[in-house]
$ cat input38.txt   # compact mmCIF, C-alpha atoms
# COMPACT_ATOMS: atom_id res chain seq x y z
CA MET Z 1 30.71 -9.76 -17.70
CA SER Z 2 33.28 -8.28 -15.40
CA ASN Z 3 36.68 -8.51 -13.84
CA PRO Z 4 35.73 -9.38 -10.20
CA THR Z 5 37.72 -7.68 -7.47
CA LYS Z 6 36.05 -8.81 -4.25
CA ALA Z 7 37.42 -11.77 -2.34
CA ASP Z 8 34.29 -13.90 -2.74
CA SER Z 9 34.27 -13.31 -6.48
CA THR Z 10 37.79 -14.57 -6.94
CA ARG Z 11 37.07 -18.05 -5.59
CA ILE Z 12 36.21 -19.48 -8.98
CA ALA Z 13 36.70 -23.21 -9.35
CA ALA Z 14 38.65 -24.47 -12.33
CA ARG Z 15 36.54 -27.51 -13.07
CA SER Z 16 37.37 -30.22 -15.56
CA SER Z 17 35.41 -30.69 -18.76
CA MET Z 18 33.99 -34.01 -17.52
CA VAL Z 19 32.65 -32.48 -14.31
CA ASP Z 20 31.13 -29.59 -16.21
CA SER Z 21 29.41 -31.95 -18.62
CA ILE Z 22 27.96 -34.10 -15.84
CA LYS Z 23 26.78 -31.02 -13.99
CA GLY Z 24 24.99 -29.85 -17.12
CA CYS Z 25 22.95 -33.06 -17.47
CA GLY Z 26 19.90 -31.35 -16.03
CA LEU Z 27 19.48 -33.57 -12.96
CA SER Z 28 19.00 -30.53 -10.76
CA GLY Z 29 17.51 -27.09 -11.09
CA ILE Z 30 14.16 -25.65 -12.15
CA ARG Z 31 12.60 -26.80 -15.40
CA ILE Z 32 12.40 -23.97 -17.91
CA ASP Z 33 9.34 -23.77 -20.13
CA LYS Z 34 10.22 -23.25 -23.79
CA GLU Z 35 7.35 -20.89 -24.60
CA THR Z 36 7.89 -18.78 -21.49
CA LEU Z 37 11.55 -18.40 -22.35
CA LYS Z 38 10.67 -17.43 -25.91
CA THR Z 39 8.44 -14.57 -24.76
CA ARG Z 40 11.33 -13.19 -22.70
CA ILE Z 41 13.87 -13.05 -25.56
CA LEU Z 42 11.91 -12.87 -28.86
CA ILE Z 43 12.49 -9.62 -30.76
CA PRO Z 44 9.37 -8.24 -32.53
CA GLU Z 45 9.12 -9.60 -36.06
CA TYR Z 46 9.38 -6.33 -37.99
CA LEU Z 47 12.60 -5.47 -36.14
CA ARG Z 48 14.09 -8.92 -36.77
CA LEU Z 49 13.41 -8.64 -40.49
CA ALA Z 50 14.83 -5.11 -40.66
CA ILE Z 51 18.06 -6.13 -38.92
CA LYS Z 52 18.45 -9.18 -41.16
CA GLU Z 53 18.01 -7.25 -44.40
CA ALA Z 54 20.21 -4.36 -43.25
CA ILE Z 55 23.07 -6.86 -42.76
CA GLN Z 56 22.41 -8.66 -46.05
CA LEU Z 57 22.31 -5.43 -48.07
CA LYS Z 58 25.01 -3.75 -45.96
CA ASP Z 59 22.71 -0.75 -45.57
CA SER Z 60 21.68 0.46 -42.12
CA SER Z 61 18.87 2.63 -43.56
CA VAL Z 62 16.77 -0.34 -44.69
CA GLY Z 63 14.42 -0.29 -41.72
CA VAL Z 64 13.95 3.47 -42.03
CA ASP Z 65 13.18 3.82 -45.73
CA ASP Z 66 11.29 0.59 -46.45
CA ASN Z 67 7.61 0.44 -45.57
CA ARG Z 68 7.80 -3.34 -45.30
CA PHE Z 69 9.42 -2.91 -41.88
CA LYS Z 70 6.89 -0.54 -40.38
CA LYS Z 71 4.93 -1.83 -37.42
CA ILE Z 72 2.31 -4.42 -38.26
CA GLU Z 73 -1.20 -3.17 -37.65
CA LEU Z 74 -2.50 -4.85 -34.52
CA ASN Z 75 -6.01 -5.57 -33.30
CA GLU Z 76 -7.36 -3.36 -30.53
CA ASP Z 77 -6.76 -6.03 -27.90
CA GLN Z 78 -3.11 -6.51 -28.91
CA ASN Z 79 -0.03 -4.53 -27.94
CA GLU Z 80 3.49 -4.46 -29.33
CA VAL Z 81 5.49 -5.80 -26.41
CA VAL Z 82 9.25 -5.45 -26.03
CA PRO Z 83 10.60 -8.62 -24.38
CA GLU Z 84 12.38 -8.58 -21.05
CA ALA Z 85 15.76 -9.27 -22.66
CA PRO Z 86 15.77 -9.20 -26.49
CA MET Z 87 18.65 -11.37 -27.59
CA VAL Z 88 20.80 -12.27 -30.60
CA ILE Z 89 23.19 -15.22 -30.77
CA PHE Z 90 26.38 -15.83 -32.78
CA VAL Z 91 27.18 -19.49 -33.48
CA ASN Z 92 30.62 -20.72 -34.51
CA SER Z 93 30.08 -24.09 -36.20
CA LYS Z 94 33.83 -24.83 -36.15
CA SER Z 95 34.27 -24.54 -32.38
CA GLY Z 96 34.88 -27.55 -30.15
CA GLY Z 97 33.20 -30.71 -31.37
CA ARG Z 98 31.47 -28.86 -34.21
CA HIS Z 99 28.15 -28.82 -32.44
CA GLY Z 100 27.35 -25.53 -34.19
CA PRO Z 101 24.91 -26.71 -36.92
CA VAL Z 102 22.65 -28.76 -34.63
CA LEU Z 103 22.90 -26.11 -31.90
CA LYS Z 104 21.91 -23.39 -34.39
CA LYS Z 105 18.74 -25.32 -35.29
CA ARG Z 106 17.87 -25.73 -31.61
CA LEU Z 107 18.38 -22.04 -30.89
CA GLN Z 108 16.17 -21.05 -33.80
CA GLU Z 109 13.41 -23.11 -32.19
CA LEU Z 110 13.79 -21.14 -28.97
CA MET Z 111 13.62 -17.71 -30.60
CA GLY Z 112 13.24 -16.04 -33.96
CA GLU Z 113 15.25 -17.57 -36.79
CA GLU Z 114 16.61 -14.12 -37.66
CA GLN Z 115 18.10 -13.74 -34.18
CA VAL Z 116 20.62 -16.56 -34.66
CA PHE Z 117 23.67 -15.68 -36.78
CA ASP Z 118 26.12 -18.23 -38.18
CA LEU Z 119 29.60 -16.69 -38.21
CA LYS Z 120 30.19 -18.27 -41.62
CA SER Z 121 27.66 -15.86 -43.12
CA VAL Z 122 27.41 -12.92 -40.67
CA LYS Z 123 30.51 -11.44 -39.03
CA PRO Z 124 30.24 -9.53 -35.71
CA PRO Z 125 31.56 -6.25 -37.24
CA GLU Z 126 28.79 -6.44 -39.87
CA PHE Z 127 26.16 -6.83 -37.17
CA VAL Z 128 27.52 -3.79 -35.33
CA LYS Z 129 27.88 -1.64 -38.44
CA TYR Z 130 24.58 -2.48 -40.12
CA GLY Z 131 22.25 -4.45 -37.84
CA LEU Z 132 22.63 -2.41 -34.66
CA ALA Z 133 22.85 0.83 -36.65
CA CYS Z 134 19.53 0.00 -38.33
CA LEU Z 135 17.91 -0.45 -34.92
CA GLU Z 136 19.41 2.84 -33.72
CA LYS Z 137 18.15 4.77 -36.77
CA MET Z 138 14.64 3.44 -36.34
CA ALA Z 139 14.78 4.45 -32.66
CA SER Z 140 16.01 7.94 -33.55
CA LEU Z 141 12.91 8.46 -35.71
CA GLY Z 142 10.57 7.81 -32.80
CA ASP Z 143 10.09 4.05 -32.88
CA GLN Z 144 9.75 3.38 -29.16
CA CYS Z 145 9.80 -0.39 -29.64
CA ALA Z 146 13.11 -0.19 -31.51
CA LYS Z 147 14.50 2.14 -28.83
CA GLU Z 148 13.64 -0.20 -25.96
CA THR Z 149 14.89 -3.23 -27.87
CA ARG Z 150 18.24 -1.53 -28.47
CA GLU Z 151 18.56 -0.55 -24.81
CA LYS Z 152 17.69 -4.02 -23.49
CA LEU Z 153 19.58 -6.05 -26.11
CA ARG Z 154 21.80 -8.92 -24.90
CA ILE Z 155 24.17 -11.06 -26.94
CA MET Z 156 25.11 -14.72 -26.55
CA VAL Z 157 28.14 -16.34 -28.19
CA ALA Z 158 28.08 -20.08 -28.91
CA GLY Z 159 31.75 -20.80 -29.48
CA GLY Z 160 35.16 -20.82 -27.89
CA ASP Z 161 37.14 -18.05 -26.24
CA GLY Z 162 38.42 -16.82 -29.61
CA THR Z 163 34.87 -16.38 -30.88
CA ALA Z 164 33.82 -14.56 -27.71
CA GLY Z 165 36.84 -12.26 -28.01
CA TRP Z 166 35.95 -11.49 -31.62
CA VAL Z 167 32.42 -10.45 -30.64
CA LEU Z 168 33.63 -8.42 -27.63
CA GLY Z 169 36.22 -6.65 -29.80
CA SER Z 170 33.58 -5.77 -32.39
CA LEU Z 171 31.25 -4.38 -29.73
CA ALA Z 172 34.12 -2.28 -28.34
CA GLU Z 173 33.75 -0.08 -31.42
CA LEU Z 174 30.50 1.17 -29.90
CA TYR Z 175 32.49 2.88 -27.12
CA LYS Z 176 34.62 4.73 -29.67
CA GLU Z 177 31.53 5.89 -31.57
CA ASP Z 178 29.61 6.76 -28.38
CA ARG Z 179 26.80 4.36 -29.32
CA LEU Z 180 25.73 3.40 -25.84
CA PRO Z 181 24.71 1.19 -24.14
CA VAL Z 182 27.01 -1.60 -25.23
CA PRO Z 183 25.09 -4.92 -25.08
CA PRO Z 184 26.34 -7.39 -22.43
CA VAL Z 185 27.69 -10.74 -23.68
CA GLY Z 186 27.18 -14.29 -22.40
CA ILE Z 187 28.80 -17.53 -23.56
CA ILE Z 188 27.69 -21.04 -24.52
CA PRO Z 189 31.07 -22.82 -24.31
CA LEU Z 190 31.86 -24.80 -27.47
CA GLY Z 191 35.64 -24.37 -27.45
CA THR Z 192 38.51 -26.46 -26.17
CA GLY Z 193 39.80 -24.39 -23.25
CA ASN Z 194 36.86 -22.07 -22.49
CA ASP Z 195 38.83 -20.09 -19.91
CA LEU Z 196 36.82 -16.92 -20.45
CA SER Z 197 33.61 -18.89 -20.03
CA ARG Z 198 34.91 -20.56 -16.84
CA SER Z 199 35.97 -17.25 -15.32
CA PHE Z 200 32.43 -15.94 -15.52
CA SER Z 201 30.65 -19.17 -14.50
CA TRP Z 202 29.22 -20.04 -17.93
CA GLY Z 203 30.85 -23.47 -17.74
CA GLY Z 204 33.98 -25.15 -19.04
CA SER Z 205 32.53 -27.41 -21.74
CA PHE Z 206 29.50 -28.21 -23.84
CA PRO Z 207 27.32 -30.47 -21.61
CA PHE Z 208 26.04 -33.92 -22.51
CA ALA Z 209 22.39 -32.95 -21.92
CA TRP Z 210 22.82 -29.84 -24.02
CA ARG Z 211 19.17 -29.29 -25.01
CA SER Z 212 18.06 -28.51 -21.46
CA ALA Z 213 21.38 -26.81 -20.67
CA ILE Z 214 20.88 -24.36 -23.55
CA LYS Z 215 17.57 -23.22 -22.08
CA ARG Z 216 19.22 -22.68 -18.72
CA SER Z 217 22.01 -20.66 -20.32
CA LEU Z 218 19.53 -18.42 -22.14
CA SER Z 219 17.49 -17.99 -18.96
CA LYS Z 220 20.66 -17.08 -17.06
CA ALA Z 221 21.47 -14.48 -19.73
CA VAL Z 222 18.07 -12.88 -19.13
CA THR Z 223 18.34 -12.54 -15.35
CA GLY Z 224 22.08 -12.70 -14.66
CA PRO Z 225 23.97 -9.69 -13.27
CA ILE Z 226 26.09 -7.60 -15.62
CA ARG Z 227 29.79 -7.43 -14.79
CA TYR Z 228 32.71 -5.74 -16.51
CA LEU Z 229 35.84 -7.17 -18.04
CA ASP Z 230 39.20 -5.50 -18.66
CA SER Z 231 40.43 -5.30 -22.25
CA TRP Z 232 44.03 -4.97 -23.43
CA HIS Z 233 45.12 -2.92 -26.42
CA VAL Z 234 47.83 -4.64 -28.47
CA LEU Z 235 50.09 -3.03 -31.08
CA LEU Z 236 52.30 -5.21 -33.27
CA SER Z 237 54.96 -4.33 -35.86
CA MET Z 238 56.77 -6.68 -38.21
CA PRO Z 239 58.78 -6.40 -41.43
CA ASP Z 240 56.47 -5.55 -44.31
CA GLY Z 241 56.04 -8.31 -46.87
CA GLU Z 242 55.85 -11.16 -44.36
CA LYS Z 243 52.98 -13.54 -45.12
CA VAL Z 244 50.77 -13.62 -42.01
CA GLU Z 245 47.24 -14.66 -41.14
CA PRO Z 246 46.32 -12.45 -38.16
CA PRO Z 247 43.45 -13.50 -35.88
CA HIS Z 248 40.10 -11.74 -36.07
CA CYS Z 249 40.99 -9.55 -33.09
CA LEU Z 250 43.84 -7.86 -35.02
CA ARG Z 251 43.48 -5.54 -37.98
CA LYS Z 252 46.06 -3.77 -40.09
CA THR Z 253 46.70 -0.13 -39.31
CA GLU Z 254 48.93 2.68 -40.53
CA ARG Z 255 50.06 3.50 -37.01
CA SER Z 256 53.56 2.47 -36.00
CA ALA Z 257 53.76 0.42 -32.82
CA LEU Z 258 57.35 1.37 -31.98
CA GLU Z 259 57.83 4.14 -29.45
CA GLN Z 260 60.34 6.80 -30.38
CA ASP Z 261 61.97 6.70 -26.94
CA LEU Z 262 62.59 2.94 -27.00
CA ASP Z 263 66.16 1.96 -27.85
CA VAL Z 264 66.14 -1.21 -29.96
CA GLU Z 265 69.29 -3.22 -30.60
CA GLY Z 266 70.22 -3.74 -34.24
CA GLU Z 267 68.79 -2.19 -37.39
CA LEU Z 268 65.07 -1.93 -38.01
CA PRO Z 269 63.56 -2.65 -41.45
CA ASP Z 270 62.67 0.32 -43.62
CA LYS Z 271 59.03 -0.71 -43.99
CA LEU Z 272 56.86 -2.11 -41.22
CA ALA Z 273 53.45 -3.78 -41.25
CA CYS Z 274 51.49 -2.69 -38.19
CA TYR Z 275 48.51 -4.34 -36.52
CA GLU Z 276 46.34 -3.38 -33.58
CA GLY Z 277 43.51 -4.97 -31.66
CA LEU Z 278 42.07 -6.00 -28.31
CA PHE Z 279 42.33 -9.16 -26.25
CA TYR Z 280 40.42 -10.29 -23.17
CA ASN Z 281 41.84 -13.69 -22.14
CA TYR Z 282 45.60 -13.68 -22.48
CA PHE Z 283 48.24 -12.65 -24.97
CA SER Z 284 51.22 -14.97 -25.20
CA MET Z 285 54.53 -15.41 -26.99
CA GLY Z 286 56.48 -18.65 -27.25
CA MET Z 287 55.57 -22.29 -26.89
CA ASP Z 288 51.83 -22.07 -26.18
CA ALA Z 289 51.31 -19.49 -28.93
CA GLN Z 290 53.11 -21.73 -31.43
CA VAL Z 291 51.05 -24.75 -30.38
CA ALA Z 292 47.76 -22.82 -30.65
CA TYR Z 293 48.77 -21.49 -34.08
CA GLY Z 294 49.56 -25.00 -35.28
CA PHE Z 295 46.26 -26.37 -33.98
CA HIS Z 296 44.33 -23.57 -35.68
CA HIS Z 297 45.81 -24.44 -39.08
CA LEU Z 298 45.33 -28.17 -38.56
CA ARG Z 299 41.65 -27.63 -37.76
CA ASP Z 300 41.18 -25.65 -40.97
CA GLU Z 301 43.06 -28.13 -43.15
CA LYS Z 302 41.71 -31.34 -41.55
CA PRO Z 303 38.45 -30.51 -39.79
CA TYR Z 304 37.57 -34.18 -39.31
CA LEU Z 305 40.35 -34.45 -36.69
CA ALA Z 306 38.85 -31.82 -34.37
CA GLN Z 307 35.84 -33.76 -33.12
CA GLY Z 308 35.57 -32.52 -29.55
CA PRO Z 309 37.37 -31.00 -26.55
CA ILE Z 310 39.06 -34.25 -25.50
CA THR Z 311 40.37 -34.95 -29.01
CA ASN Z 312 41.47 -31.35 -29.35
CA LYS Z 313 43.41 -31.48 -26.07
CA LEU Z 314 45.22 -34.61 -27.24
CA ILE Z 315 46.21 -32.77 -30.40
CA TYR Z 316 47.41 -29.83 -28.31
CA SER Z 317 49.50 -32.20 -26.18
CA GLY Z 318 51.04 -33.75 -29.27
CA TYR Z 319 51.94 -30.35 -30.68
CA SER Z 320 53.59 -29.28 -27.43
CA CYS Z 321 55.99 -32.23 -27.72
CA THR Z 322 56.87 -31.72 -31.38
CA GLN Z 323 57.51 -28.01 -31.73
CA GLY Z 324 61.17 -28.06 -30.66
CA TRP Z 325 60.66 -26.80 -27.10
CA PHE Z 326 60.88 -29.93 -24.94
CA CYS Z 327 61.23 -33.41 -26.46
CA THR Z 328 62.38 -33.05 -30.05
CA PRO Z 329 66.11 -33.06 -30.81
CA CYS Z 330 67.56 -29.66 -31.62
CA VAL Z 331 69.68 -29.72 -34.76
CA SER Z 332 71.60 -26.61 -33.74
CA ASP Z 333 72.30 -25.01 -30.38
CA PRO Z 334 69.84 -26.33 -27.71
CA SER Z 335 69.86 -22.90 -26.08
CA LEU Z 336 67.88 -21.56 -29.07
CA ARG Z 337 64.78 -23.07 -27.47
CA GLY Z 338 64.75 -20.24 -24.89
CA LEU Z 339 62.80 -17.05 -25.59
CA ASN Z 340 65.72 -14.95 -24.37
CA ASN Z 341 67.45 -15.65 -27.69
CA ILE Z 342 64.68 -14.25 -29.86
CA ILE Z 343 62.96 -11.46 -27.91
CA ARG Z 344 63.76 -8.39 -25.84
CA MET Z 345 61.11 -7.32 -23.36
CA HIS Z 346 60.65 -3.77 -22.05
CA ILE Z 347 58.01 -2.34 -19.73
CA LYS Z 348 56.93 1.21 -18.98
CA LYS Z 349 55.75 1.66 -15.41
CA LEU Z 350 52.88 3.91 -14.39
CA ASN Z 351 53.75 7.62 -14.43
CA ARG Z 352 57.15 6.91 -15.99
CA SER Z 353 58.29 8.10 -19.40
CA ASP Z 354 61.20 5.72 -19.92
CA TRP Z 355 61.23 2.04 -20.82
CA GLU Z 356 62.86 -0.51 -18.53
CA GLN Z 357 64.27 -3.74 -19.96
CA VAL Z 358 63.24 -6.98 -18.25
CA GLN Z 359 65.76 -9.81 -18.42
CA VAL Z 360 64.21 -13.04 -19.69
CA PRO Z 361 65.73 -16.18 -18.06
CA SER Z 362 67.06 -18.81 -20.44
CA SER Z 363 64.64 -21.40 -19.03
CA VAL Z 364 61.53 -19.42 -20.06
CA ARG Z 365 59.57 -21.02 -22.90
CA SER Z 366 56.51 -18.77 -22.87
CA ILE Z 367 55.50 -15.28 -21.74
CA VAL Z 368 51.82 -14.72 -20.98
CA ALA Z 369 49.92 -11.54 -20.17
CA LEU Z 370 46.94 -12.99 -18.30
CA ASN Z 371 43.65 -11.18 -17.73
CA LEU Z 372 41.59 -13.98 -16.15
CA HIS Z 373 41.45 -16.39 -13.21
CA ASN Z 374 41.90 -19.37 -15.54
CA TYR Z 375 44.54 -20.31 -18.10
CA GLY Z 376 45.15 -23.38 -20.29
CA SER Z 377 41.72 -25.03 -19.94
CA GLY Z 378 40.98 -24.28 -16.30
CA ARG Z 379 44.43 -24.08 -14.70
CA ASN Z 380 44.78 -21.55 -11.89
CA PRO Z 381 48.22 -19.91 -12.18
CA TRP Z 382 47.54 -17.47 -9.33
CA GLY Z 383 47.45 -20.05 -6.57
CA LYS Z 384 45.51 -19.48 -3.35
CA LEU Z 385 45.79 -15.77 -2.68
CA LYS Z 386 46.04 -14.59 0.92
CA PRO Z 387 43.17 -12.50 2.36
CA ASP Z 388 45.44 -9.51 3.07
CA TYR Z 389 46.54 -9.45 -0.59
CA LEU Z 390 42.93 -9.61 -1.80
CA GLU Z 391 42.01 -6.75 0.53
CA LYS Z 392 44.90 -4.72 -0.91
CA VAL Z 393 43.69 -5.39 -4.45
CA CYS Z 394 40.13 -4.35 -3.59
CA LEU Z 395 41.33 -1.09 -2.05
CA SER Z 396 43.59 -0.27 -4.99
CA THR Z 397 40.84 -0.79 -7.57
$ encode --input "input38.txt" --output "structure tokens"
Amino acid sequence: MSNPTKADSTRIAARSSMVDSIKGCGLSGIRIDKETLKTRILIPEYLRLAIKEAIQLKDSSVGVDDNRFKKIELNEDQNEVVPEAPMVIFVNSKSGGRHGPVLKKRLQELMGEEQVFDLKSVKPPEFVKYGLACLEKMASLGDQCAKETREKLRIMVAGGDGTAGWVLGSLAELYKEDRLPVPPVGIIPLGTGNDLSRSFSWGGSFPFAWRSAIKRSLSKAVTGPIRYLDSWHVLLSMPDGEKVEPPHCLRKTERSALEQDLDVEGELPDKLACYEGLFYNYFSMGMDAQVAYGFHHLRDEKPYLAQGPITNKLIYSGYSCTQGWFCTPCVSDPSLRGLNNIIRMHIKKLNRSDWEQVQVPSSVRSIVALNLHNYGSGRNPWGKLKPDYLEKVCLST
């Protein structure tokens, strides 16, 4: 995946969910043979079993110390073959219309059962810490098959943008630990908005004819080009003691997020709770963040309501009209709806040491730091950029 900079790459259509679904019905394109696809992505059995047990036992040395995971003795006319693109898949059964369980079963038919991880039982950080580490240790001891599998490994995420961001953030730890290469990531869109998936041409929704579409997605992950995507580092501070449920992309840290040279109006609390993490789509404050937070809790409390992208978008629309930003009566001062009453925004420009305050207009209801071509389920906030501007961007990057 990447952040395209060339003019042709930026012309990405923001298609509707209905169009995406119809396009995925399999009426066009080359038929993909199930067995041929399997040979291209199936990890050798002894490696699959080693990775699975390393995660279960939370011990990355399992494949090294246990003779059960040594190479199976082969006949003289057989060879241990590393597939073209060994692959593992993370499935979020709560995403979108909750297609996860039936999709997981289908994926296990297309590859080894141990290569498909349900996020309810296996978290991406656990895979990185134990599963990948097990493969790396076996490779370091001279297992050429493990070495090639690690180098060629690709990861697919069956879920929404939040799930994809969780996996990408977990894999980012490999850069810090110098455990290269970092496996590239593809997406099977199961979410509501799927803006990250749209931006890299994986589609905007889960298609009607999903069985054939899944094979095409896996085939595309085998042969597709690898591009790169910007990531943003976020630091948050809040009064300690506040009850919060941070997303998977944020973790608590001892580091303070407040710069010493930033003048803040009013008194700061004595104790702060600090969080840090990465994001890849967009980071927002205000109306859309409040609506997304409300939808997240509703989905957890009443999962039967979140039955698909269309239903989810209706719920989103309802939340946007009931959170005190537009339609609901304000019991106090109506001006309190504006973000300028509750935040102060400062920026630090490149090669500058001081912070500059940015005035927030009273009409602003949301502030978004956007990293993609798409926002809010396929909307294009950038407009049609002029060729001279695109040329300037290409030269500057």
$ closest_residue --input "input38.txt" --among "Z:Val185, Z:Met111, Z:Val116, Z:Leu298" --to "Gly224 of chain Z" --atoms "all atoms listed in the file"
Z:Val185
$ residues_near_point --input "input38.txt" --point "(46.4, -6.6, -39.7)" --cutoff "12 Å" --atoms "all atoms listed in the file" --output "list in words"
Val234, Leu235, Leu236, Ser237, Met238, Asp240, Glu242, Lys243, Val244, Glu245, Pro246, Pro247, His248, Cys249, Leu250, Arg251, Lys252, Thr253, Glu254, Arg255, Leu272, Ala273, Cys274, Tyr275, Glu276 and Gly277 of chain Z
$ axis_aligned_box --input "input38.txt" --around "segment 33-36 of chain Z" --padding-each-side "8 Å" --output "AutoDock Vina command-line options"
--center_x 8.8 --center_y -21.3 --center_z -22.4 --size_x 18.9 --size_y 21.0 --size_z 20.5
$ closest_residue --input "input38.txt" --among "Z:Val157, Z:Val91, Z:Val360, Z:Leu107" --to "Lys120 of chain Z" --atoms "all atoms listed in the file"
Z:Val91
$ closest_residue --input "input38.txt" --among "Z:Met138, Z:Leu110, Z:Leu180, Z:Leu339" --to "Ser363 of chain Z" --atoms "all atoms listed in the file"
Z:Leu339
$ atom_distance --input "input38.txt" --atom1 "atom CA of Gln359 of chain Z" --atom2 "atom CA of Met287 of chain Z"
18.2 Å
$ atom_distance --input "input38.txt" --atom1 "atom CA of Ser366 of chain Z" --atom2 "atom CA of Ser205 of chain Z"
25.5 Å
$ atom_distance --input "input38.txt" --atom1 "atom CA of Leu171 of chain Z" --atom2 "atom CA of Glu35 of chain Z"
29.5 Å
$ closest_residue --input "input38.txt" --among "Z:Ile155, Z:Leu135, Z:Leu42, Z:Val102" --to "Ser60 of chain Z" --atoms "only C-alpha atoms"
Z:Leu135
$ residues_around --input "input38.txt" --residues "Tyr280 of chain Z" --least-positions-apart "4" --cutoff "10 Å" --atoms "all atoms listed in the file" --output "NGL selection string"
:Z and (161-162 or 164-166 or 168-169 or 196 or 229-233 or 249 or 370-372)
